[in-house]
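The file upload26.cif comes next; it holds mmCIF, C-alpha atoms.
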```cif
data_query
#
loop_
_atom_site.group_PDB
_atom_site.id
_atom_site.type_symbol
_atom_site.label_atom_id
_atom_site.label_comp_id
_atom_site.auth_asym_id
_atom_site.auth_seq_id
_atom_site.Cartn_x
_atom_site.Cartn_y
_atom_site.Cartn_z
ATOM 1 C CA MET A 1 101.254 41.941 62.016
ATOM 2 C CA ASN A 2 101.718 41.851 58.232
ATOM 3 C CA SER A 3 98.855 44.339 57.841
ATOM 4 C CA GLN A 4 100.897 46.908 59.787
ATOM 5 C CA ILE A 5 104.014 46.090 57.764
ATOM 6 C CA LEU A 6 102.010 46.516 54.554
ATOM 7 C CA LEU A 7 100.646 49.854 55.812
ATOM 8 C CA SER A 8 104.186 51.013 56.581
ATOM 9 C CA HIS A 9 105.400 49.875 53.162
ATOM 10 C CA VAL A 10 102.594 51.651 51.277
ATOM 11 C CA THR A 11 103.169 54.787 53.389
ATOM 12 C CA ALA A 12 106.883 54.688 52.514
ATOM 13 C CA LEU A 13 106.092 54.337 48.806
ATOM 14 C CA LEU A 14 103.745 57.346 48.939
ATOM 15 C CA ASP A 15 106.359 59.358 50.834
ATOM 16 C CA LYS A 16 109.041 58.397 48.324
ATOM 17 C CA ALA A 17 106.795 59.504 45.465
ATOM 18 C CA GLY A 18 106.163 62.828 47.216
ATOM 19 C CA VAL A 19 102.415 62.239 47.420
ATOM 20 C CA ALA A 20 101.168 63.687 50.687
ATOM 21 C CA GLU A 21 97.533 63.653 49.553
ATOM 22 C CA GLY A 22 95.752 61.765 46.797
ATOM 23 C CA ALA A 23 96.625 58.734 44.705
ATOM 24 C CA ILE A 24 99.448 57.383 42.561
ATOM 25 C CA LEU A 25 99.936 54.509 40.185
ATOM 26 C CA HIS A 26 102.833 52.442 41.504
ATOM 27 C CA ALA A 27 104.365 51.449 38.194
ATOM 28 C CA HIS A 28 106.381 48.434 39.334
ATOM 29 C CA SER A 29 103.394 46.684 40.933
ATOM 30 C CA GLY A 30 100.602 48.061 38.738
ATOM 31 C CA THR A 31 98.632 49.019 41.852
ATOM 32 C CA HIS A 32 97.105 52.327 42.871
ATOM 33 C CA LEU A 33 98.040 53.687 46.303
ATOM 34 C CA LEU A 34 95.833 56.205 48.091
ATOM 35 C CA ARG A 35 96.209 58.495 51.090
ATOM 36 C CA HIS A 36 93.955 61.220 52.493
ATOM 37 C CA HIS A 37 94.378 63.109 55.750
ATOM 38 C CA ALA A 38 90.759 64.292 55.990
ATOM 39 C CA THR A 39 87.299 63.085 55.128
ATOM 40 C CA THR A 40 85.978 63.900 51.650
ATOM 41 C CA GLU A 41 82.759 64.813 49.911
ATOM 42 C CA LEU A 42 80.988 62.330 47.663
ATOM 43 C CA ASN A 43 83.003 61.526 44.541
ATOM 44 C CA ALA A 44 81.716 59.791 41.409
ATOM 45 C CA THR A 45 84.083 57.485 39.563
ATOM 46 C CA VAL A 46 84.288 54.168 37.691
ATOM 47 C CA TYR A 47 85.479 50.990 39.377
ATOM 48 C CA ARG A 48 86.765 48.228 37.135
ATOM 49 C CA PRO A 49 87.322 44.677 38.392
ATOM 50 C CA LEU A 50 89.611 45.143 41.370
ATOM 51 C CA LEU A 51 90.643 44.241 44.879
ATOM 52 C CA CYS A 52 90.814 47.151 47.333
ATOM 53 C CA LEU A 53 92.481 46.754 50.734
ATOM 54 C CA ILE A 54 91.751 49.389 53.357
ATOM 55 C CA LEU A 55 94.878 49.648 55.491
ATOM 56 C CA GLN A 56 93.820 52.604 57.647
ATOM 57 C CA GLY A 57 90.689 54.739 57.977
ATOM 58 C CA ALA A 58 87.325 54.019 56.371
ATOM 59 C CA LYS A 59 85.203 54.907 53.364
ATOM 60 C CA GLN A 60 81.704 54.435 51.991
ATOM 61 C CA VAL A 61 81.226 53.160 48.465
ATOM 62 C CA GLY A 62 78.283 52.033 46.388
ATOM 63 C CA SER A 63 75.632 52.869 43.843
ATOM 64 C CA SER A 64 72.519 54.998 44.144
ATOM 65 C CA ALA A 65 70.745 51.950 45.588
ATOM 66 C CA ARG A 66 73.439 50.309 47.727
ATOM 67 C CA THR A 67 76.103 51.705 50.031
ATOM 68 C CA LEU A 68 78.792 49.721 51.842
ATOM 69 C CA THR A 69 81.080 50.955 54.610
ATOM 70 C CA VAL A 70 84.582 49.460 54.554
ATOM 71 C CA GLY A 71 87.241 50.042 57.193
ATOM 72 C CA ALA A 72 90.766 49.078 58.160
ATOM 73 C CA GLY A 73 91.343 45.350 57.968
ATOM 74 C CA GLN A 74 88.608 44.892 55.365
ATOM 75 C CA SER A 75 88.686 44.574 51.608
ATOM 76 C CA LEU A 76 86.413 45.005 48.615
ATOM 77 C CA VAL A 77 86.277 42.942 45.469
ATOM 78 C CA VAL A 78 84.513 44.496 42.478
ATOM 79 C CA SER A 79 83.637 41.978 39.773
ATOM 80 C CA HIS A 80 82.056 44.257 37.121
ATOM 81 C CA THR A 81 82.822 47.697 35.714
ATOM 82 C CA LEU A 82 80.660 49.974 37.854
ATOM 83 C CA PRO A 83 79.968 53.702 38.124
ATOM 84 C CA VAL A 84 80.133 54.283 41.875
ATOM 85 C CA ILE A 85 79.859 57.045 44.435
ATOM 86 C CA SER A 86 82.323 57.036 47.322
ATOM 87 C CA ARG A 87 83.577 59.193 50.149
ATOM 88 C CA ILE A 88 86.190 58.852 52.867
ATOM 89 C CA ILE A 89 84.513 58.934 56.269
ATOM 90 C CA GLU A 90 87.461 58.264 58.603
ATOM 91 C CA ALA A 91 90.817 60.010 58.196
ATOM 92 C CA SER A 92 93.036 62.336 60.196
ATOM 93 C CA SER A 93 96.465 63.914 60.094
ATOM 94 C CA ASP A 94 97.726 61.322 62.585
ATOM 95 C CA ALA A 95 95.998 58.355 60.934
ATOM 96 C CA PRO A 96 95.329 59.160 57.251
ATOM 97 C CA TYR A 97 93.058 57.011 55.168
ATOM 98 C CA THR A 98 95.388 54.613 53.351
ATOM 99 C CA ALA A 99 94.428 51.973 50.806
ATOM 100 C CA LEU A 100 95.743 50.021 47.872
ATOM 101 C CA VAL A 101 93.912 48.941 44.735
ATOM 102 C CA PHE A 102 95.043 45.772 42.970
ATOM 103 C CA PRO A 103 93.528 45.381 39.458
ATOM 104 C CA LEU A 104 92.072 41.951 38.754
ATOM 105 C CA ASP A 105 93.060 39.978 35.675
ATOM 106 C CA LEU A 106 89.828 38.289 34.573
ATOM 107 C CA ASP A 107 91.632 36.045 32.080
ATOM 108 C CA LEU A 108 93.877 34.788 34.884
ATOM 109 C CA LEU A 109 90.857 34.188 37.113
ATOM 110 C CA ARG A 110 89.164 32.219 34.335
ATOM 111 C CA SER A 111 92.274 30.088 33.851
ATOM 112 C CA LEU A 112 92.268 29.249 37.563
ATOM 113 C CA ALA A 113 88.525 28.683 37.944
ATOM 114 C CA PRO A 114 88.424 25.028 36.772
ATOM 115 C CA ALA A 115 90.661 24.079 39.709
ATOM 116 C CA VAL A 116 88.294 25.573 42.298
ATOM 117 C CA PRO A 117 86.916 22.756 44.497
ATOM 118 C CA PRO A 118 83.258 21.970 43.657
ATOM 119 C CA ALA A 119 82.321 22.420 47.302
ATOM 120 C CA LEU A 120 82.942 26.148 46.930
ATOM 121 C CA LYS A 121 80.541 26.478 44.032
ATOM 122 C CA THR A 122 77.486 27.410 46.081
ATOM 123 C CA GLN A 123 74.902 30.056 45.375
ATOM 124 C CA SER A 124 75.205 33.350 47.217
ATOM 125 C CA THR A 125 72.118 35.164 48.403
ATOM 126 C CA ASP A 126 73.562 38.563 47.425
ATOM 127 C CA PRO A 127 74.201 39.105 43.698
ATOM 128 C CA PHE A 128 75.673 42.612 44.101
ATOM 129 C CA SER A 129 79.014 42.870 42.308
ATOM 130 C CA ILE A 130 80.798 44.598 45.196
ATOM 131 C CA CYS A 131 81.743 42.157 47.941
ATOM 132 C CA LEU A 132 82.941 43.348 51.372
ATOM 133 C CA CYS A 133 84.887 40.985 53.662
ATOM 134 C CA ASP A 134 87.466 40.974 56.406
ATOM 135 C CA THR A 135 90.851 40.655 54.726
ATOM 136 C CA ASP A 136 92.363 37.181 54.954
ATOM 137 C CA PRO A 137 95.793 37.388 56.649
ATOM 138 C CA ASN A 138 97.152 34.985 54.008
ATOM 139 C CA LEU A 139 95.998 37.400 51.297
ATOM 140 C CA THR A 140 97.695 40.290 53.098
ATOM 141 C CA ASP A 141 100.874 38.234 53.320
ATOM 142 C CA ALA A 142 100.780 37.464 49.587
ATOM 143 C CA ILE A 143 100.260 41.129 48.671
ATOM 144 C CA LEU A 144 103.124 42.200 50.930
ATOM 145 C CA ARG A 145 105.418 39.637 49.265
ATOM 146 C CA TYR A 146 104.223 40.874 45.871
ATOM 147 C CA PHE A 147 105.185 44.464 46.709
ATOM 148 C CA LEU A 148 108.583 43.433 48.009
ATOM 149 C CA GLN A 149 109.235 41.327 44.908
ATOM 150 C CA CYS A 150 108.305 44.267 42.690
ATOM 151 C CA GLU A 151 111.098 46.333 44.238
ATOM 152 C CA ASP A 152 113.806 44.151 42.665
ATOM 153 C CA GLU A 153 114.036 43.819 38.892
ATOM 154 C CA GLU A 154 114.824 40.087 38.802
ATOM 155 C CA ALA A 155 112.193 39.238 41.408
ATOM 156 C CA ARG A 156 109.711 41.459 39.577
ATOM 157 C CA GLN A 157 110.232 39.472 36.388
ATOM 158 C CA LEU A 158 110.393 35.980 37.897
ATOM 159 C CA LEU A 159 108.579 35.909 41.230
ATOM 160 C CA ALA A 160 105.975 38.696 41.140
ATOM 161 C CA PRO A 161 103.897 37.009 38.377
ATOM 162 C CA ILE A 162 103.779 33.840 40.481
ATOM 163 C CA THR A 163 102.645 35.784 43.532
ATOM 164 C CA SER A 164 100.073 37.670 41.468
ATOM 165 C CA ARG A 165 98.697 34.287 40.437
ATOM 166 C CA GLU A 166 98.604 33.291 44.110
ATOM 167 C CA ILE A 167 96.661 36.463 44.981
ATOM 168 C CA HIS A 168 94.068 35.688 42.315
ATOM 169 C CA ALA A 169 93.875 32.079 43.484
ATOM 170 C CA ARG A 170 93.342 33.114 47.097
ATOM 171 C CA LEU A 171 90.467 35.332 46.009
ATOM 172 C CA LEU A 172 88.832 32.337 44.344
ATOM 173 C CA ILE A 173 88.996 30.209 47.481
ATOM 174 C CA GLY A 174 88.577 32.897 50.151
ATOM 175 C CA GLU A 175 85.759 35.057 51.472
ATOM 176 C CA HIS A 176 85.368 36.860 48.151
ATOM 177 C CA ALA A 177 85.041 33.592 46.231
ATOM 178 C CA GLN A 178 81.308 33.562 45.548
ATOM 179 C CA THR A 179 81.244 36.998 43.914
ATOM 180 C CA LEU A 180 84.049 36.054 41.533
ATOM 181 C CA GLN A 181 82.846 32.525 40.887
ATOM 182 C CA ARG A 182 79.408 33.808 39.851
ATOM 183 C CA LEU A 183 81.111 35.999 37.264
ATOM 184 C CA LEU A 184 83.194 33.111 35.923
ATOM 185 C CA TRP A 185 80.455 30.477 35.706
ATOM 186 C CA HIS A 186 79.321 30.018 32.126
ATOM 187 C CA GLU A 187 75.759 31.254 31.553
ATOM 188 C CA SER A 188 75.296 32.547 35.119
ATOM 189 C CA ALA A 189 73.260 35.733 35.580
ATOM 190 C CA ALA A 190 76.396 37.585 36.694
ATOM 191 C CA SER A 191 78.320 36.494 33.594
ATOM 192 C CA ARG A 192 75.440 37.509 31.321
ATOM 193 C CA ILE A 193 75.185 40.921 32.972
ATOM 194 C CA PHE A 194 78.959 41.274 32.560
ATOM 195 C CA LEU A 195 78.457 40.819 28.811
ATOM 196 C CA ALA A 196 75.704 43.435 28.861
ATOM 197 C CA THR A 197 77.864 45.975 30.704
ATOM 198 C CA ARG A 198 80.696 45.334 28.260
ATOM 199 C CA ASP A 199 78.286 45.947 25.365
ATOM 200 C CA ILE A 200 77.142 49.231 26.887
ATOM 201 C CA GLN A 201 80.739 50.369 27.459
ATOM 202 C CA ALA A 202 81.738 49.501 23.885
ATOM 203 C CA ASN A 203 78.769 51.411 22.411
ATOM 204 C CA LEU A 204 78.528 54.229 24.917
ATOM 205 C CA SER A 205 77.206 56.851 22.503
ATOM 206 C CA GLN A 206 74.443 54.619 21.148
ATOM 207 C CA THR A 207 70.917 54.548 22.535
ATOM 208 C CA ILE A 208 70.177 51.406 24.534
ATOM 209 C CA VAL A 209 67.301 49.258 23.331
ATOM 210 C CA VAL A 210 66.742 47.136 26.418
ATOM 211 C CA GLY A 211 64.851 44.380 24.597
ATOM 212 C CA GLU A 212 67.611 43.945 22.012
ATOM 213 C CA LEU A 213 70.350 43.955 24.656
ATOM 214 C CA ALA A 214 68.468 41.393 26.751
ATOM 215 C CA ALA A 215 67.995 39.173 23.705
ATOM 216 C CA ARG A 216 71.688 39.318 22.828
ATOM 217 C CA ILE A 217 72.645 37.891 26.224
ATOM 218 C CA GLY A 218 69.807 35.364 26.260
ATOM 219 C CA MET A 219 67.470 36.831 28.887
ATOM 220 C CA SER A 220 63.888 38.024 28.937
ATOM 221 C CA ASN A 221 63.285 41.755 29.381
ATOM 222 C CA SER A 222 61.973 41.385 32.928
ATOM 223 C CA ALA A 223 64.732 38.995 34.055
ATOM 224 C CA PHE A 224 67.393 41.181 32.453
ATOM 225 C CA PHE A 225 66.187 44.351 34.168
ATOM 226 C CA GLU A 226 65.894 42.619 37.546
ATOM 227 C CA GLN A 227 69.299 40.941 37.352
ATOM 228 C CA PHE A 228 71.051 44.024 35.964
ATOM 229 C CA LYS A 229 69.884 46.112 38.901
ATOM 230 C CA ALA A 230 70.739 43.355 41.397
ATOM 231 C CA VAL A 231 74.292 43.013 40.066
ATOM 232 C CA THR A 232 75.143 46.664 39.360
ATOM 233 C CA GLY A 233 72.858 48.491 41.774
ATOM 234 C CA THR A 234 71.307 50.540 38.970
ATOM 235 C CA SER A 235 69.209 50.255 35.812
ATOM 236 C CA PRO A 236 70.734 49.780 32.340
ATOM 237 C CA LEU A 237 69.778 53.316 31.273
ATOM 238 C CA GLN A 238 71.144 54.907 34.451
ATOM 239 C CA TYR A 239 74.296 52.783 34.133
ATOM 240 C CA GLN A 240 74.879 54.168 30.642
ATOM 241 C CA LYS A 241 74.109 57.728 31.736
ATOM 242 C CA ASP A 242 76.582 57.529 34.615
ATOM 243 C CA LEU A 243 79.315 56.141 32.359
ATOM 244 C CA ARG A 244 78.611 58.814 29.744
ATOM 245 C CA LEU A 245 78.922 61.619 32.285
ATOM 246 C CA LEU A 246 82.083 60.187 33.825
ATOM 247 C CA LYS A 247 83.641 59.801 30.367
ATOM 248 C CA ALA A 248 82.620 63.358 29.519
ATOM 249 C CA ARG A 249 84.191 64.657 32.729
ATOM 250 C CA ASP A 250 87.476 62.940 31.864
ATOM 251 C CA ASP A 251 87.365 64.354 28.331
ATOM 252 C CA LEU A 252 86.654 67.870 29.584
ATOM 253 C CA ARG A 253 89.625 67.700 31.917
ATOM 254 C CA THR A 254 92.086 66.195 29.441
ATOM 255 C CA SER A 255 91.190 67.810 26.112
ATOM 256 C CA ARG A 256 90.437 71.211 24.651
ATOM 257 C CA ALA A 257 87.349 70.037 22.799
ATOM 258 C CA LYS A 258 84.288 72.248 22.952
ATOM 259 C CA ILE A 259 81.735 71.286 25.582
ATOM 260 C CA SER A 260 79.182 70.578 22.872
ATOM 261 C CA GLU A 261 81.659 68.266 21.109
ATOM 262 C CA VAL A 262 82.280 66.362 24.348
ATOM 263 C CA ALA A 263 78.534 66.031 24.897
ATOM 264 C CA PHE A 264 77.845 64.745 21.392
ATOM 265 C CA ALA A 265 80.790 62.320 21.550
ATOM 266 C CA VAL A 266 79.256 60.461 24.500
ATOM 267 C CA GLY A 267 75.775 60.331 22.990
ATOM 268 C CA TYR A 268 73.967 63.508 24.030
ATOM 269 C CA GLU A 269 71.926 65.233 21.345
ATOM 270 C CA SER A 270 71.374 68.387 23.386
ATOM 271 C CA SER A 271 74.089 70.482 25.022
ATOM 272 C CA ALA A 272 71.519 71.929 27.411
ATOM 273 C CA GLN A 273 70.445 68.486 28.601
ATOM 274 C CA PHE A 274 74.075 67.476 28.995
ATOM 275 C CA SER A 275 74.829 70.549 31.105
ATOM 276 C CA ARG A 276 71.793 69.935 33.332
ATOM 277 C CA GLU A 277 72.633 66.298 33.954
ATOM 278 C CA TYR A 278 76.342 67.039 34.412
ATOM 279 C CA SER A 279 75.574 69.718 36.997
ATOM 280 C CA ARG A 280 73.142 67.422 38.791
ATOM 281 C CA LYS A 281 75.711 64.630 39.046
ATOM 282 C CA PHE A 282 78.897 66.566 39.806
ATOM 283 C CA GLY A 283 77.542 69.731 41.449
ATOM 284 C CA LYS A 284 79.204 71.990 38.868
ATOM 285 C CA ALA A 285 78.427 73.009 35.312
ATOM 286 C CA PRO A 286 80.790 71.535 32.687
ATOM 287 C CA ARG A 287 82.482 74.881 31.978
ATOM 288 C CA GLN A 288 82.924 75.632 35.682
ATOM 289 C CA ASP A 289 84.366 72.168 36.327
ATOM 290 C CA ARG A 290 86.872 72.571 33.478
ATOM 291 C CA GLU A 291 87.959 76.015 34.701
ATOM 292 C CA LEU A 292 88.437 74.776 38.265
ATOM 293 C CA GLN A 293 90.576 71.882 37.055
ATOM 294 C CA ALA A 294 92.665 74.215 34.890
ATOM 295 C CA ALA A 295 93.211 76.500 37.874
ATOM 296 C CA ASN A 296 94.499 73.587 39.918
#
```

In C-alpha cells, what does this structure look like?
Amino acid sequence: MNSQILLSHVTALLDKAGVAEGAILHAHSGTHLLRHHATTELNATVYRPLLCLILQGAKQVGSSARTLTVGAGQSLVVSHTLPVISRIIEASSDAPYTALVFPLDLDLLRSLAPAVPPALKTQSTDPFSICLCDTDPNLTDAILRYFLQCEDEEARQLLAPITSREIHARLLIGEHAQTLQRLLWHESAASRIFLATRDIQANLSQTIVVGELAARIGMSNSAFFEQFKAVTGTSPLQYQKDLRLLKARDDLRTSRAKISEVAFAVGYESSAQFSREYSRKFGKAPRQDRELQAAN
C-alpha cells in the first residue's frame, strides 16, 4: 500500500515541478526523482553510492560485463562509484517509468556499522557492487515518512535526519546488507577496491600504473585485477577511460572550452584518439554532441 502512496507522492512532486519527462533534484529531500513515458536507448552515466527505488516500470543497468533488470517493487543499492550503462525497458504514457534515487552517506553507514549484529556479517557469493533486491516494505515506509517530513520546515530540520538515519540502518540489516557491509569491513576486498576507485577518480588525468595502485591498497597485481573486475564489472584501465569520457562529456556540455582542451584536461594526449573513443562510447563525435545539446 505504501508503495502506491509513495508513487503518488513522487508523481505529485514531479507534476508540481513541471517535469513531464526526465529528472529533477528534489532540494528539500536531496533525492533525484525520475519519470519517462517511453523506453530509452542505452545511456552512459556515473552512479555514486546510492539507493534507487523503482516505483513503476523497469530498466536495465550494469557494466559492459554485467547487466541487471530491475522493475517496480525492486531496488538497487550501489556501493562504489561506477560508470554504468542503463536503459528504460518498460514505460508508457499510462504507466510512466518512475523512480527515486536516495544518495547514501558512507560516513553515516560507517558510524552505524559497529551496531550491526554479528550474525549478519556473512560472506556473499557475489562481490558485484550493484545489489538488486525486492524492496522491503519497512524501507518504503521509512522513505515515505522521510519525504513527508521534508515538506515541513520544522520536521525537515528535526525529524528528517532521524528518518534518514533509519533508512541507512535498514539498509544495513535488510536484503542489501551484505553489499554494504563488505564495503564497510576494514581490509575487505570491497573496501580496498573502493580506495582504488577513489584514487583513480582523484587522479583522473594521470596514467594508471596497475602495479603501483595495487601496492598502495595492499594487494598483489593478480588479486587486484581480479577483485577490481568482480566489484566494478570492468578493468581498472577501462574504469578510468569510462570516467574520463563521462567527465569530458559533462565539460563539453557545460563549458565553452575547446574540444582539445577538454580532451587534454581528462588525460588524453591526442585529440584524434579522444574523438574516436568518444564517438565509440556515445555514438556521436564530441563536436556533434555539443551542438545537439546547444540546440536543445

Around (84.9, 36.3, 45.9) in the file's own coordinates, what residues are found within 12 Å if you use all atoms listed in the file, given back as a VMD selection string?
chain A and resid 49 to 51 75 to 79 104 109 113 116 120 to 124 126 to 136 167 to 184

Enclose the full set of atoms of range 54-61 of chain A listed in the file within a box whose edges lie along x, y and z, apply 3 Å of padding to each of the six sides, and report centre and edge lengths in Å to one decimal as AutoDock Vina command-line options.
```
--center_x 88.1 --center_y 52.1 --center_z 53.2 --size_x 19.7 --size_y 11.5 --size_z 15.5
```

Spell out the residues picked by the PyMOL selection byres ((chain A and resi 44) around 12) here, as a VMD selection string.
chain A and resid 40 to 43 45 to 47 60 to 64 82 to 87 242 to 243 245 to 247 249 to 250 278 280 to 283

Tell me which residues the PyMOL selection byres ((chain A and resi 217) around 8) grabs here, as a PyMOL selection string.
chain A and resi 192-193+195-196+213-216+218-219

Work out how far apart CA of Ala265 in chain A and CA of Arg198 in chain A are and give it in Å to one decimal.
18.3 Å

For range 94-108 of chain A, where the input has fewer atoms than it should, I would like N, CA and C atoms rebuilt and written as a PDB file, in the coordinates of the input.
```
ATOM      1  N   ASP A  94      96.937  62.347  61.894  1.00  0.00           N
ATOM      2  CA  ASP A  94      97.726  61.322  62.585  1.00  0.00           C
ATOM      3  C   ASP A  94      97.519  59.929  61.998  1.00  0.00           C
ATOM      4  N   ALA A  95      96.312  59.672  61.487  1.00  0.00           N
ATOM      5  CA  ALA A  95      95.998  58.355  60.934  1.00  0.00           C
ATOM      6  C   ALA A  95      95.256  58.536  59.608  1.00  0.00           C
ATOM      7  N   PRO A  96      95.984  58.905  58.539  1.00  0.00           N
ATOM      8  CA  PRO A  96      95.329  59.160  57.251  1.00  0.00           C
ATOM      9  C   PRO A  96      94.705  57.896  56.672  1.00  0.00           C
ATOM     10  N   TYR A  97      93.638  58.114  55.927  1.00  0.00           N
ATOM     11  CA  TYR A  97      93.058  57.011  55.168  1.00  0.00           C
ATOM     12  C   TYR A  97      94.108  56.504  54.184  1.00  0.00           C
ATOM     13  N   THR A  98      94.371  55.208  54.227  1.00  0.00           N
ATOM     14  CA  THR A  98      95.388  54.613  53.351  1.00  0.00           C
ATOM     15  C   THR A  98      94.836  53.325  52.766  1.00  0.00           C
ATOM     16  N   ALA A  99      94.966  53.163  51.466  1.00  0.00           N
ATOM     17  CA  ALA A  99      94.428  51.973  50.806  1.00  0.00           C
ATOM     18  C   ALA A  99      95.265  51.647  49.585  1.00  0.00           C
ATOM     19  N   LEU A 100      95.121  50.425  49.127  1.00  0.00           N
ATOM     20  CA  LEU A 100      95.743  50.021  47.872  1.00  0.00           C
ATOM     21  C   LEU A 100      94.704  49.332  47.004  1.00  0.00           C
ATOM     22  N   VAL A 101      94.828  49.535  45.715  1.00  0.00           N
ATOM     23  CA  VAL A 101      93.912  48.941  44.735  1.00  0.00           C
ATOM     24  C   VAL A 101      94.718  48.057  43.801  1.00  0.00           C
ATOM     25  N   PHE A 102      94.356  46.784  43.780  1.00  0.00           N
ATOM     26  CA  PHE A 102      95.043  45.772  42.970  1.00  0.00           C
ATOM     27  C   PHE A 102      94.102  45.379  41.826  1.00  0.00           C
ATOM     28  N   PRO A 103      94.413  45.738  40.574  1.00  0.00           N
ATOM     29  CA  PRO A 103      93.528  45.381  39.458  1.00  0.00           C
ATOM     30  C   PRO A 103      93.447  43.867  39.280  1.00  0.00           C
ATOM     31  N   LEU A 104      92.256  43.386  38.958  1.00  0.00           N
ATOM     32  CA  LEU A 104      92.072  41.951  38.754  1.00  0.00           C
ATOM     33  C   LEU A 104      92.207  41.606  37.273  1.00  0.00           C
ATOM     34  N   ASP A 105      92.884  40.502  37.024  1.00  0.00           N
ATOM     35  CA  ASP A 105      93.060  39.978  35.675  1.00  0.00           C
ATOM     36  C   ASP A 105      91.994  38.899  35.470  1.00  0.00           C
ATOM     37  N   LEU A 106      90.930  39.228  34.736  1.00  0.00           N
ATOM     38  CA  LEU A 106      89.828  38.289  34.573  1.00  0.00           C
ATOM     39  C   LEU A 106      90.243  37.047  33.782  1.00  0.00           C
ATOM     40  N   ASP A 107      91.156  37.210  32.830  1.00  0.00           N
ATOM     41  CA  ASP A 107      91.632  36.045  32.080  1.00  0.00           C
ATOM     42  C   ASP A 107      92.383  35.082  33.005  1.00  0.00           C
ATOM     43  N   LEU A 108      93.177  35.638  33.920  1.00  0.00           N
ATOM     44  CA  LEU A 108      93.877  34.788  34.884  1.00  0.00           C
ATOM     45  C   LEU A 108      92.889  34.091  35.807  1.00  0.00           C
TER      46      LEU A 108
END
```
